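Here's coords_28.csv, which has CSV, C-alpha atoms:
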chain,number,residue,atom,x,y,z
T,246,MET,CA,-144.4,-127.5,2.8
T,247,SER,CA,-145.0,-124.5,5.1
T,248,LEU,CA,-148.6,-124.2,6.1
T,249,LEU,CA,-148.0,-121.0,8.2
T,250,GLU,CA,-145.4,-118.4,7.4
T,251,VAL,CA,-144.7,-115.5,9.7
T,252,SER,CA,-142.2,-112.9,8.6
T,253,GLY,CA,-141.1,-109.5,10.0
T,254,LEU,CA,-144.1,-109.4,12.4
T,255,LYS,CA,-144.2,-106.2,14.5
T,256,LYS,CA,-147.0,-104.9,16.7
T,257,VAL,CA,-147.0,-101.5,18.4
T,258,TYR,CA,-149.8,-100.4,20.7
T,259,SER,CA,-150.4,-96.7,21.6
T,260,THR,CA,-151.2,-96.1,25.2
T,261,ARG,CA,-154.4,-94.2,26.0
T,262,PHE,CA,-154.4,-90.7,24.5
T,263,GLY,CA,-151.3,-91.6,22.5
T,264,GLY,CA,-148.9,-90.6,25.2
T,265,SER,CA,-146.4,-93.4,24.6
T,266,LYS,CA,-146.1,-96.6,22.6
T,267,VAL,CA,-145.6,-100.2,23.6
T,268,GLU,CA,-143.8,-102.6,21.3
T,269,ALA,CA,-145.4,-106.0,21.9
T,270,LEU,CA,-143.8,-107.7,18.9
T,271,ARG,CA,-140.5,-106.5,17.4
T,272,ASP,CA,-139.5,-108.8,14.6
T,273,ILE,CA,-141.1,-112.3,14.6
T,274,HIS,CA,-140.0,-114.8,12.0
T,275,PHE,CA,-141.0,-118.5,11.9
T,276,ASP,CA,-142.9,-121.0,9.8
T,277,VAL,CA,-144.9,-124.1,10.6
T,278,ARG,CA,-145.0,-127.0,8.3
T,279,GLU,CA,-148.1,-129.0,7.5
T,280,GLY,CA,-148.6,-131.7,10.1
T,281,GLU,CA,-146.3,-130.1,12.7
T,282,TYR,CA,-147.1,-129.7,16.4
T,283,VAL,CA,-145.5,-126.5,17.7
T,284,ALA,CA,-145.6,-125.0,21.1
T,285,ILE,CA,-144.8,-121.3,21.9
T,286,MET,CA,-143.5,-120.4,25.3
T,287,GLY,CA,-142.3,-117.3,27.1
T,288,GLU,CA,-142.8,-115.4,30.2
T,289,SER,CA,-145.8,-113.1,30.8
T,290,GLY,CA,-145.5,-110.0,28.7
T,291,SER,CA,-143.3,-111.6,26.2
T,292,GLY,CA,-145.8,-111.2,23.3
T,293,LYS,CA,-147.3,-114.7,23.2
T,294,THR,CA,-150.9,-113.5,23.4
T,295,THR,CA,-150.4,-110.7,20.9
T,296,LEU,CA,-148.8,-113.2,18.5
T,297,LEU,CA,-151.7,-115.6,18.9
T,298,ASN,CA,-154.3,-112.9,18.3
T,299,ILE,CA,-152.6,-111.9,15.1
T,300,LEU,CA,-152.3,-115.6,13.9
T,301,ALA,CA,-156.0,-116.0,14.7
T,302,ALA,CA,-156.8,-112.9,12.6
T,303,LEU,CA,-158.3,-111.2,15.7
T,304,ASP,CA,-155.7,-108.4,15.5
T,305,ARG,CA,-153.6,-107.0,12.7
T,306,PRO,CA,-149.9,-106.4,12.9
T,307,THR,CA,-148.3,-103.0,12.6
T,308,SER,CA,-146.0,-104.4,9.9
T,309,GLY,CA,-144.9,-107.8,8.6
T,310,ARG,CA,-147.2,-110.5,7.3
T,311,VAL,CA,-148.8,-113.9,8.1
T,312,LEU,CA,-149.5,-116.4,5.3
T,313,LEU,CA,-151.8,-119.4,6.0
T,314,ASP,CA,-151.6,-121.9,3.2
T,315,GLY,CA,-150.3,-119.1,1.0
T,316,LYS,CA,-153.1,-116.7,1.8
T,317,ASP,CA,-152.0,-113.3,3.3
T,318,LEU,CA,-154.3,-112.6,6.2
T,319,SER,CA,-153.9,-108.9,5.8
T,320,LYS,CA,-155.5,-109.1,2.4
T,321,ILE,CA,-158.8,-110.6,3.8
T,322,LYS,CA,-161.6,-108.0,4.1
T,323,ASP,CA,-163.1,-107.5,7.5
T,324,SER,CA,-166.5,-108.6,6.2
T,325,ALA,CA,-165.0,-112.0,5.2
T,326,MET,CA,-162.8,-112.5,8.2
T,327,ALA,CA,-165.3,-114.4,10.4
T,328,SER,CA,-166.0,-116.8,7.6
T,329,TYR,CA,-162.3,-117.3,6.9
T,330,ARG,CA,-161.5,-118.1,10.5
T,331,ARG,CA,-164.4,-120.5,10.7
T,332,ASN,CA,-163.4,-122.4,7.6
T,333,ASN,CA,-159.6,-122.5,8.2
T,334,LEU,CA,-158.9,-122.3,11.9
T,335,GLY,CA,-159.9,-124.3,15.0
T,336,PHE,CA,-159.6,-122.8,18.4
T,337,VAL,CA,-159.1,-124.4,21.9
T,338,PHE,CA,-159.2,-122.0,24.8
T,339,GLN,CA,-158.1,-122.2,28.4
T,340,ASP,CA,-161.7,-121.4,29.7
T,341,PHE,CA,-163.4,-123.7,27.1
T,342,ASN,CA,-165.7,-121.0,25.7
T,343,LEU,CA,-168.8,-123.3,25.8
T,344,LEU,CA,-172.3,-121.9,26.1
T,345,ASP,CA,-174.0,-123.2,29.2
T,346,THR,CA,-177.5,-123.0,27.6
T,347,PHE,CA,-176.4,-125.4,24.8
T,348,THR,CA,-175.7,-129.1,25.1
T,349,LEU,CA,-172.2,-130.3,24.3
T,350,ALA,CA,-173.4,-131.4,20.9
T,351,ASP,CA,-174.9,-128.0,20.1
T,352,ASN,CA,-171.8,-126.3,21.2
T,353,ILE,CA,-169.7,-128.5,18.9
T,354,TYR,CA,-172.2,-127.9,16.0
T,355,LEU,CA,-172.0,-124.1,16.4
T,356,PRO,CA,-169.4,-123.4,13.7
T,357,LEU,CA,-171.3,-125.7,11.2
T,358,VAL,CA,-174.6,-124.0,12.1
T,359,LEU,CA,-173.0,-120.6,11.3
T,360,ALA,CA,-171.7,-122.2,8.0
T,361,ARG,CA,-175.3,-123.3,7.3
T,362,CYS,CA,-174.5,-127.0,7.1
T,363,SER,CA,-177.4,-129.5,7.2
T,364,TYR,CA,-178.2,-131.4,10.4
T,365,LYS,CA,-177.3,-134.7,8.7
T,366,GLU,CA,-173.9,-133.3,7.7
T,367,MET,CA,-173.3,-132.0,11.2
T,368,ARG,CA,-174.3,-135.3,12.8
T,369,ASP,CA,-172.2,-137.3,10.3
T,370,ARG,CA,-169.1,-135.1,11.0
T,371,LEU,CA,-169.5,-135.3,14.8
T,372,ALA,CA,-169.9,-139.1,15.2
T,373,PRO,CA,-166.3,-140.2,14.5
T,374,ILE,CA,-164.9,-137.2,16.3
T,375,ALA,CA,-167.0,-137.9,19.4
T,376,THR,CA,-166.0,-141.5,19.4
T,377,ALA,CA,-162.3,-140.6,19.0
T,378,LEU,CA,-162.5,-138.2,21.9
T,379,GLY,CA,-164.6,-140.5,24.1
T,380,ILE,CA,-167.5,-138.1,24.5
T,381,GLU,CA,-170.2,-139.9,22.5
T,382,LYS,CA,-172.2,-140.5,25.7
T,383,LEU,CA,-171.9,-136.9,26.9
T,384,LEU,CA,-173.3,-135.1,23.9
T,385,LYS,CA,-176.8,-134.5,25.4
T,386,LYS,CA,-175.3,-133.1,28.6
T,387,TYR,CA,-174.8,-129.4,29.3
T,388,PRO,CA,-171.4,-127.9,30.2
T,389,TYR,CA,-172.3,-127.5,33.9
T,390,GLU,CA,-173.0,-131.2,34.1
T,391,VAL,CA,-169.5,-132.4,33.0
T,392,SER,CA,-166.0,-132.2,34.3
T,393,GLY,CA,-163.4,-129.7,33.1
T,394,GLY,CA,-161.6,-132.4,31.2
T,395,GLU,CA,-164.8,-133.4,29.4
T,396,LYS,CA,-165.6,-129.7,28.6
T,397,GLN,CA,-162.1,-129.4,27.0
T,398,ARG,CA,-162.6,-132.5,25.0
T,399,ALA,CA,-165.9,-131.0,23.7
T,400,ALA,CA,-164.0,-127.8,22.9
T,401,VAL,CA,-161.4,-129.9,20.9
T,402,ALA,CA,-164.3,-131.6,19.1
T,403,ARG,CA,-165.7,-128.1,18.1
T,404,ALA,CA,-162.2,-127.1,16.9
T,405,LEU,CA,-161.9,-130.3,14.8
T,406,ILE,CA,-165.4,-130.4,13.3
T,407,THR,CA,-164.7,-127.9,10.5
T,408,ASP,CA,-161.6,-129.9,9.5
T,409,PRO,CA,-159.4,-126.8,9.9
T,410,LYS,CA,-156.0,-126.3,8.3
T,411,LEU,CA,-154.6,-125.2,11.7
T,412,ILE,CA,-155.6,-125.6,15.4
T,413,LEU,CA,-154.6,-122.7,17.6
T,414,ALA,CA,-154.6,-123.7,21.3
T,415,ASP,CA,-154.3,-121.0,24.0
T,416,GLU,CA,-153.2,-122.4,27.3
T,417,PRO,CA,-155.4,-125.5,26.8
T,418,THR,CA,-154.4,-127.2,30.0
T,419,GLY,CA,-154.5,-124.1,32.1
T,420,ALA,CA,-157.9,-124.8,33.8
T,421,LEU,CA,-157.4,-128.6,34.1
T,422,ASP,CA,-156.2,-130.8,36.9
T,423,SER,CA,-153.1,-132.9,36.2
T,424,ARG,CA,-155.0,-136.0,35.1
T,425,SER,CA,-157.3,-134.1,32.7
T,426,SER,CA,-154.2,-132.2,31.4
T,427,ASP,CA,-152.4,-135.5,30.6
T,428,GLU,CA,-155.5,-136.9,28.9
T,429,LEU,CA,-155.9,-133.7,26.8
T,430,LEU,CA,-152.2,-133.7,25.8
T,431,ARG,CA,-152.5,-137.4,24.8
T,432,LEU,CA,-155.4,-136.5,22.6
T,433,PHE,CA,-153.5,-133.6,21.0
T,434,SER,CA,-150.6,-136.0,20.2
T,435,GLU,CA,-153.0,-138.5,18.6
T,436,ILE,CA,-154.8,-135.8,16.6
T,437,ASN,CA,-151.4,-134.6,15.4
T,438,ARG,CA,-150.3,-138.1,14.4
T,439,MET,CA,-153.4,-138.2,12.2
T,440,GLY,CA,-152.1,-135.2,10.3
T,441,GLN,CA,-153.6,-132.2,12.1
T,442,THR,CA,-151.3,-129.1,12.4
T,443,ILE,CA,-151.4,-127.7,15.9
T,444,LEU,CA,-149.9,-124.4,17.3
T,445,MET,CA,-150.1,-124.2,21.1
T,446,VAL,CA,-149.3,-121.2,23.4
T,447,THR,CA,-148.5,-122.5,26.9
T,448,HIS,CA,-146.8,-121.7,30.1
T,449,SER,CA,-146.7,-125.4,30.9
T,450,ILE,CA,-143.4,-127.2,30.3
T,451,ASN,CA,-145.3,-130.5,30.6
T,452,ALA,CA,-147.6,-129.4,27.8
T,453,ALA,CA,-144.8,-128.1,25.6
T,454,SER,CA,-142.9,-131.4,26.0
T,455,THR,CA,-145.5,-133.2,24.0
T,456,ALA,CA,-144.9,-131.0,20.9
T,457,GLY,CA,-142.4,-131.6,18.2
T,458,ARG,CA,-140.9,-128.2,18.4
T,459,VAL,CA,-140.9,-125.3,20.9
T,460,LEU,CA,-140.4,-121.6,20.0
T,461,PHE,CA,-139.4,-119.3,22.9
T,462,ILE,CA,-140.6,-115.7,22.7
T,463,LYS,CA,-138.7,-113.1,24.6
T,464,ASP,CA,-139.0,-109.3,24.4
T,465,GLY,CA,-141.1,-109.6,21.2
T,466,VAL,CA,-138.8,-111.8,19.2
T,467,VAL,CA,-138.2,-115.5,18.8
T,468,PHE,CA,-135.3,-115.9,21.1
T,469,HIS,CA,-134.6,-119.6,20.7
T,470,GLN,CA,-136.2,-122.9,19.4
T,471,LEU,CA,-135.9,-126.5,20.3
T,472,TYR,CA,-136.6,-129.6,18.1
T,473,ARG,CA,-137.7,-132.8,19.8
T,474,GLY,CA,-135.8,-135.1,17.4
T,475,GLY,CA,-135.7,-138.5,19.0
T,476,ALA,CA,-136.1,-137.3,22.5
T,477,SER,CA,-138.7,-138.8,24.9
T,478,ASN,CA,-141.2,-136.5,26.6
T,479,GLU,CA,-139.1,-136.6,29.7
T,480,GLN,CA,-135.9,-135.8,27.9
T,481,PHE,CA,-137.6,-133.0,26.0
T,482,TYR,CA,-139.1,-131.7,29.2
T,483,GLN,CA,-135.6,-131.3,30.6
T,484,LYS,CA,-134.4,-129.4,27.6
T,485,ILE,CA,-137.3,-127.0,27.7
T,486,SER,CA,-136.8,-126.5,31.4
T,487,ASN,CA,-133.2,-125.7,31.0
T,488,THR,CA,-134.0,-123.2,28.3
T,489,MET,CA,-136.7,-121.5,30.5
T,490,VAL,CA,-134.1,-121.2,33.2
T,491,MET,CA,-131.8,-119.5,30.7
T,492,LEU,CA,-134.5,-117.1,29.7
T,493,THR,CA,-135.2,-116.2,33.3
T,494,ALA,CA,-131.5,-115.8,34.1
T,495,GLY,CA,-131.1,-113.5,31.1
T,496,ARG,CA,-133.9,-111.3,32.4
T,497,ASP,CA,-132.5,-111.2,35.9
T,498,LYS,CA,-129.1,-110.1,34.6
T,499,GLY,CA,-130.8,-107.4,32.5
Starting from the file, give its structure as structure tokens.
Amino acid sequence: MSLLEVSGLKKVYSTRFGGSKVEALRDIHFDVREGEYVAIMGESGSGKTTLLNILAALDRPTSGRVLLDGKDLSKIKDSAMASYRRNNLGFVFQDFNLLDTFTLADNIYLPLVLARCSYKEMRDRLAPIATALGIEKLLKKYPYEVSGGEKQRAAVARALITDPKLILADEPTGALDSRSSDELLRLFSEINRMGQTILMVTHSINAASTAGRVLFIKDGVVFHQLYRGGASNEQFYQKISNTMVMLTAGRDKG
């Protein structure tokens, strides 16, 4: 069953004073099945960030539609959008987006505080997640007291605590060293095996090689896609690398 359906997505931006228009997305079509782990790749300027913003309901398309669990995002009123995002989407960002004046626990609790959950419910939800992510001993610390990898695990916990239908990850390994990146990707794979649907935008071939499917965006369209099948991470890495070379070669010829 498709959890996310994207059809005919187009996004056109007008430059300042309306002098000219920039077509960020031309005609995007794809779907994500429940329980999938999908990576989106493409060069800078390919439309990845614009696509992610639309999927996150932070921006609206010029045309086309996005359905999440059958719900058309364009039909949601602006006044209800924040609540909808909080209840259905989890976010993991490159720069963590943690508040330095809050402990890790309070940062993780924030979506539940906004949803007016009781403290007992928040604590009960956090306990198994913190254990699974190995941060149970860090919860009283502040972001500036922990490593980048530990910050990102706290960010993952915040994304998971609302039990979202879909996690959207934007360059989640971009600010991490190689060891922390590998640990985060291992956690993503474990979370996915437990049934969580993940859509990750990344420049990293290493990160993409942990997904089950990779979509390649070029010039505002889905140019190509690869399925893992029975390939190992190393084999999938090579397939992705070869495709990225092809994308670059196509640009250079143009």
>> Just want the 12 Å neighbourhood of stretch 264-271 of chain T, counted on all atoms listed in the file, with same-chain residues fewer than 4 positions away dropped. Output as a ChimeraX atom specification.
In response: /T:252-260,289-299,305-309,462-468
> Separation of atom CA of T:Ile450 and atom CA of T:Leu432, in Å?
Replying inline: 17.0 Å
Write out, as a tab-separated table, each residue of stretch 379-470 of chain T that has an atom at most 8 Å from stretch 328-335 of chain T, together with the closest pair of atoms and their distance in Å to one decimal, counting all atoms listed in the file, rows going by chain and rising number.
residue	atom	partner	partner_atom	distance
T:Arg403	CA	T:Gly335	CA	7.6
T:Ala404	CA	T:Gly335	CA	4.1
T:Leu405	CA	T:Gly335	CA	6.3
T:Thr407	CA	T:Asn332	CA	6.4
T:Asp408	CA	T:Asn333	CA	7.8
T:Pro409	CA	T:Asn333	CA	4.6
T:Lys410	CA	T:Asn333	CA	5.2
T:Leu411	CA	T:Leu334	CA	5.2
T:Ile412	CA	T:Gly335	CA	4.5
T:Leu413	CA	T:Gly335	CA	6.1
Would you output that residue set with C-alpha atoms, as an mmCIF file, keeping the file's coordinate frame?
data_model
loop_
_atom_site.group_PDB
_atom_site.id
_atom_site.type_symbol
_atom_site.label_atom_id
_atom_site.label_comp_id
_atom_site.auth_asym_id
_atom_site.auth_seq_id
_atom_site.Cartn_x
_atom_site.Cartn_y
_atom_site.Cartn_z
ATOM 1 C CA ARG T 403 -165.700 -128.100 18.100
ATOM 2 C CA ALA T 404 -162.200 -127.100 16.900
ATOM 3 C CA LEU T 405 -161.900 -130.300 14.800
ATOM 4 C CA THR T 407 -164.700 -127.900 10.500
ATOM 5 C CA ASP T 408 -161.600 -129.900 9.500
ATOM 6 C CA PRO T 409 -159.400 -126.800 9.900
ATOM 7 C CA LYS T 410 -156.000 -126.300 8.300
ATOM 8 C CA LEU T 411 -154.600 -125.200 11.700
ATOM 9 C CA ILE T 412 -155.600 -125.600 15.400
ATOM 10 C CA LEU T 413 -154.600 -122.700 17.600
#
> By how many Å are atom CA of T:Lys396 and atom CA of T:Gly457 apart?
Replying inline: 25.5 Å
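Going from atom CA of T:Arg424 to atom CA of T:Glu279 covers 29.3 Å.
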>> Restricting the calculation to all atoms listed in the file: of T:Leu313, T:Ile353, T:Val459, T:Ala301, which residue gets closest to T:Ala327?
In response: T:Ala301
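With distances restricted to all atoms listed in the file, T:Lys386 is the closest residue to T:Thr346 from T:Lys365, T:Arg310, T:Lys316, T:Lys386.
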>> Can you tell me which residues surround T:Gly474 at a distance of at most 12 Å, considering only C-alpha atoms, apart from same-chain residues fewer than 4 positions away, and format the answer as a VMD selection string?
In response: chain T and resid 454 to 459 478 480 to 481 484
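Residue neighbourhood of T:Gln339, excluding near-sequence residues (fewer than 6 positions): Gln397, Ala400, Ala414, Asp415, Glu416, Pro417, Thr418, Gly419, Ala420, Leu421 and Thr447 of chain T, at 10 Å, using all atoms listed in the file.
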N, CA and C atoms of stretch 285-315 of chain T from block above, as an mmCIF file, in the first residue's frame:
data_model
loop_
_atom_site.group_PDB
_atom_site.id
_atom_site.type_symbol
_atom_site.label_atom_id
_atom_site.label_comp_id
_atom_site.auth_asym_id
_atom_site.auth_seq_id
_atom_site.Cartn_x
_atom_site.Cartn_y
_atom_site.Cartn_z
ATOM 1 N N ILE T 285 16.677 10.095 -1.667
ATOM 2 C CA ILE T 285 16.579 10.967 -2.842
ATOM 3 C C ILE T 285 17.923 11.650 -3.028
ATOM 4 N N MET T 286 18.480 11.519 -4.238
ATOM 5 C CA MET T 286 19.782 12.101 -4.540
ATOM 6 C C MET T 286 19.696 12.990 -5.768
ATOM 7 N N GLY T 287 20.687 13.846 -5.907
ATOM 8 C CA GLY T 287 20.768 14.736 -7.058
ATOM 9 C C GLY T 287 21.774 15.820 -6.767
ATOM 10 N N GLU T 288 22.272 16.440 -7.792
ATOM 11 C CA GLU T 288 23.238 17.509 -7.605
ATOM 12 C C GLU T 288 22.574 18.746 -7.027
ATOM 13 N N SER T 289 23.372 19.673 -6.523
ATOM 14 C CA SER T 289 22.839 20.935 -6.027
ATOM 15 C C SER T 289 22.047 21.627 -7.124
ATOM 16 N N GLY T 290 20.879 22.139 -6.777
ATOM 17 C CA GLY T 290 20.035 22.805 -7.759
ATOM 18 C C GLY T 290 19.114 21.882 -8.520
ATOM 19 N N SER T 291 19.117 20.595 -8.172
ATOM 20 C CA SER T 291 18.291 19.635 -8.907
ATOM 21 C C SER T 291 16.823 19.670 -8.489
ATOM 22 N N GLY T 292 16.536 20.284 -7.343
ATOM 23 C CA GLY T 292 15.148 20.364 -6.879
ATOM 24 C C GLY T 292 14.879 19.548 -5.627
ATOM 25 N N LYS T 293 15.914 18.923 -5.041
ATOM 26 C CA LYS T 293 15.728 18.071 -3.861
ATOM 27 C C LYS T 293 15.132 18.836 -2.681
ATOM 28 N N THR T 294 15.700 19.989 -2.373
ATOM 29 C CA THR T 294 15.238 20.758 -1.218
ATOM 30 C C THR T 294 13.816 21.257 -1.425
ATOM 31 N N THR T 295 13.524 21.720 -2.636
ATOM 32 C CA THR T 295 12.160 22.159 -2.943
ATOM 33 C C THR T 295 11.176 21.014 -2.765
ATOM 34 N N LEU T 296 11.546 19.844 -3.252
ATOM 35 C CA LEU T 296 10.679 18.671 -3.111
ATOM 36 C C LEU T 296 10.456 18.343 -1.645
ATOM 37 N N LEU T 297 11.518 18.347 -0.856
ATOM 38 C CA LEU T 297 11.381 18.018 0.559
ATOM 39 C C LEU T 297 10.488 19.024 1.270
ATOM 40 N N ASN T 298 10.628 20.297 0.951
ATOM 41 C CA ASN T 298 9.793 21.320 1.580
ATOM 42 C C ASN T 298 8.315 21.113 1.263
ATOM 43 N N ILE T 299 8.033 20.679 0.047
ATOM 44 C CA ILE T 299 6.634 20.420 -0.324
ATOM 45 C C ILE T 299 6.113 19.179 0.389
ATOM 46 N N LEU T 300 6.941 18.126 0.471
ATOM 47 C CA LEU T 300 6.525 16.911 1.166
ATOM 48 C C LEU T 300 6.308 17.181 2.652
ATOM 49 N N ALA T 301 7.068 18.137 3.192
ATOM 50 C CA ALA T 301 6.939 18.493 4.597
ATOM 51 C C ALA T 301 5.816 19.485 4.840
ATOM 52 N N ALA T 302 5.107 19.839 3.783
ATOM 53 C CA ALA T 302 4.012 20.814 3.859
ATOM 54 C C ALA T 302 4.506 22.174 4.348
ATOM 55 N N LEU T 303 5.767 22.490 4.045
ATOM 56 C CA LEU T 303 6.320 23.803 4.348
ATOM 57 C C LEU T 303 6.188 24.740 3.156
ATOM 58 N N ASP T 304 5.882 24.171 2.012
ATOM 59 C CA ASP T 304 5.688 24.930 0.784
ATOM 60 C C ASP T 304 4.591 24.231 -0.009
ATOM 61 N N ARG T 305 3.955 24.948 -0.895
ATOM 62 C CA ARG T 305 2.895 24.363 -1.710
ATOM 63 C C ARG T 305 3.330 24.324 -3.172
ATOM 64 N N PRO T 306 2.973 23.273 -3.891
ATOM 65 C CA PRO T 306 3.374 23.182 -5.300
ATOM 66 C C PRO T 306 2.577 24.133 -6.177
ATOM 67 N N THR T 307 3.139 24.467 -7.325
ATOM 68 C CA THR T 307 2.401 25.258 -8.306
ATOM 69 C C THR T 307 1.268 24.423 -8.901
ATOM 70 N N SER T 308 1.545 23.141 -9.132
ATOM 71 C CA SER T 308 0.513 22.201 -9.593
ATOM 72 C C SER T 308 0.930 20.798 -9.182
ATOM 73 N N GLY T 309 0.023 19.847 -9.351
ATOM 74 C CA GLY T 309 0.268 18.489 -8.906
ATOM 75 C C GLY T 309 -0.222 18.304 -7.487
ATOM 76 N N ARG T 310 -0.039 17.101 -6.954
ATOM 77 C CA ARG T 310 -0.527 16.867 -5.598
ATOM 78 C C ARG T 310 0.336 15.859 -4.845
ATOM 79 N N VAL T 311 0.238 15.959 -3.529
ATOM 80 C CA VAL T 311 0.907 15.039 -2.616
ATOM 81 C C VAL T 311 -0.144 14.445 -1.697
ATOM 82 N N LEU T 312 -0.225 13.122 -1.681
ATOM 83 C CA LEU T 312 -1.132 12.428 -0.782
ATOM 84 C C LEU T 312 -0.319 11.689 0.266
ATOM 85 N N LEU T 313 -0.613 11.917 1.532
ATOM 86 C CA LEU T 313 0.006 11.154 2.613
ATOM 87 C C LEU T 313 -1.083 10.358 3.297
ATOM 88 N N ASP T 314 -0.984 9.044 3.180
ATOM 89 C CA ASP T 314 -1.997 8.136 3.730
ATOM 90 C C ASP T 314 -3.391 8.525 3.212
ATOM 91 N N GLY T 315 -3.431 8.899 1.917
ATOM 92 C CA GLY T 315 -4.688 9.234 1.266
ATOM 93 C C GLY T 315 -5.147 10.666 1.466
#
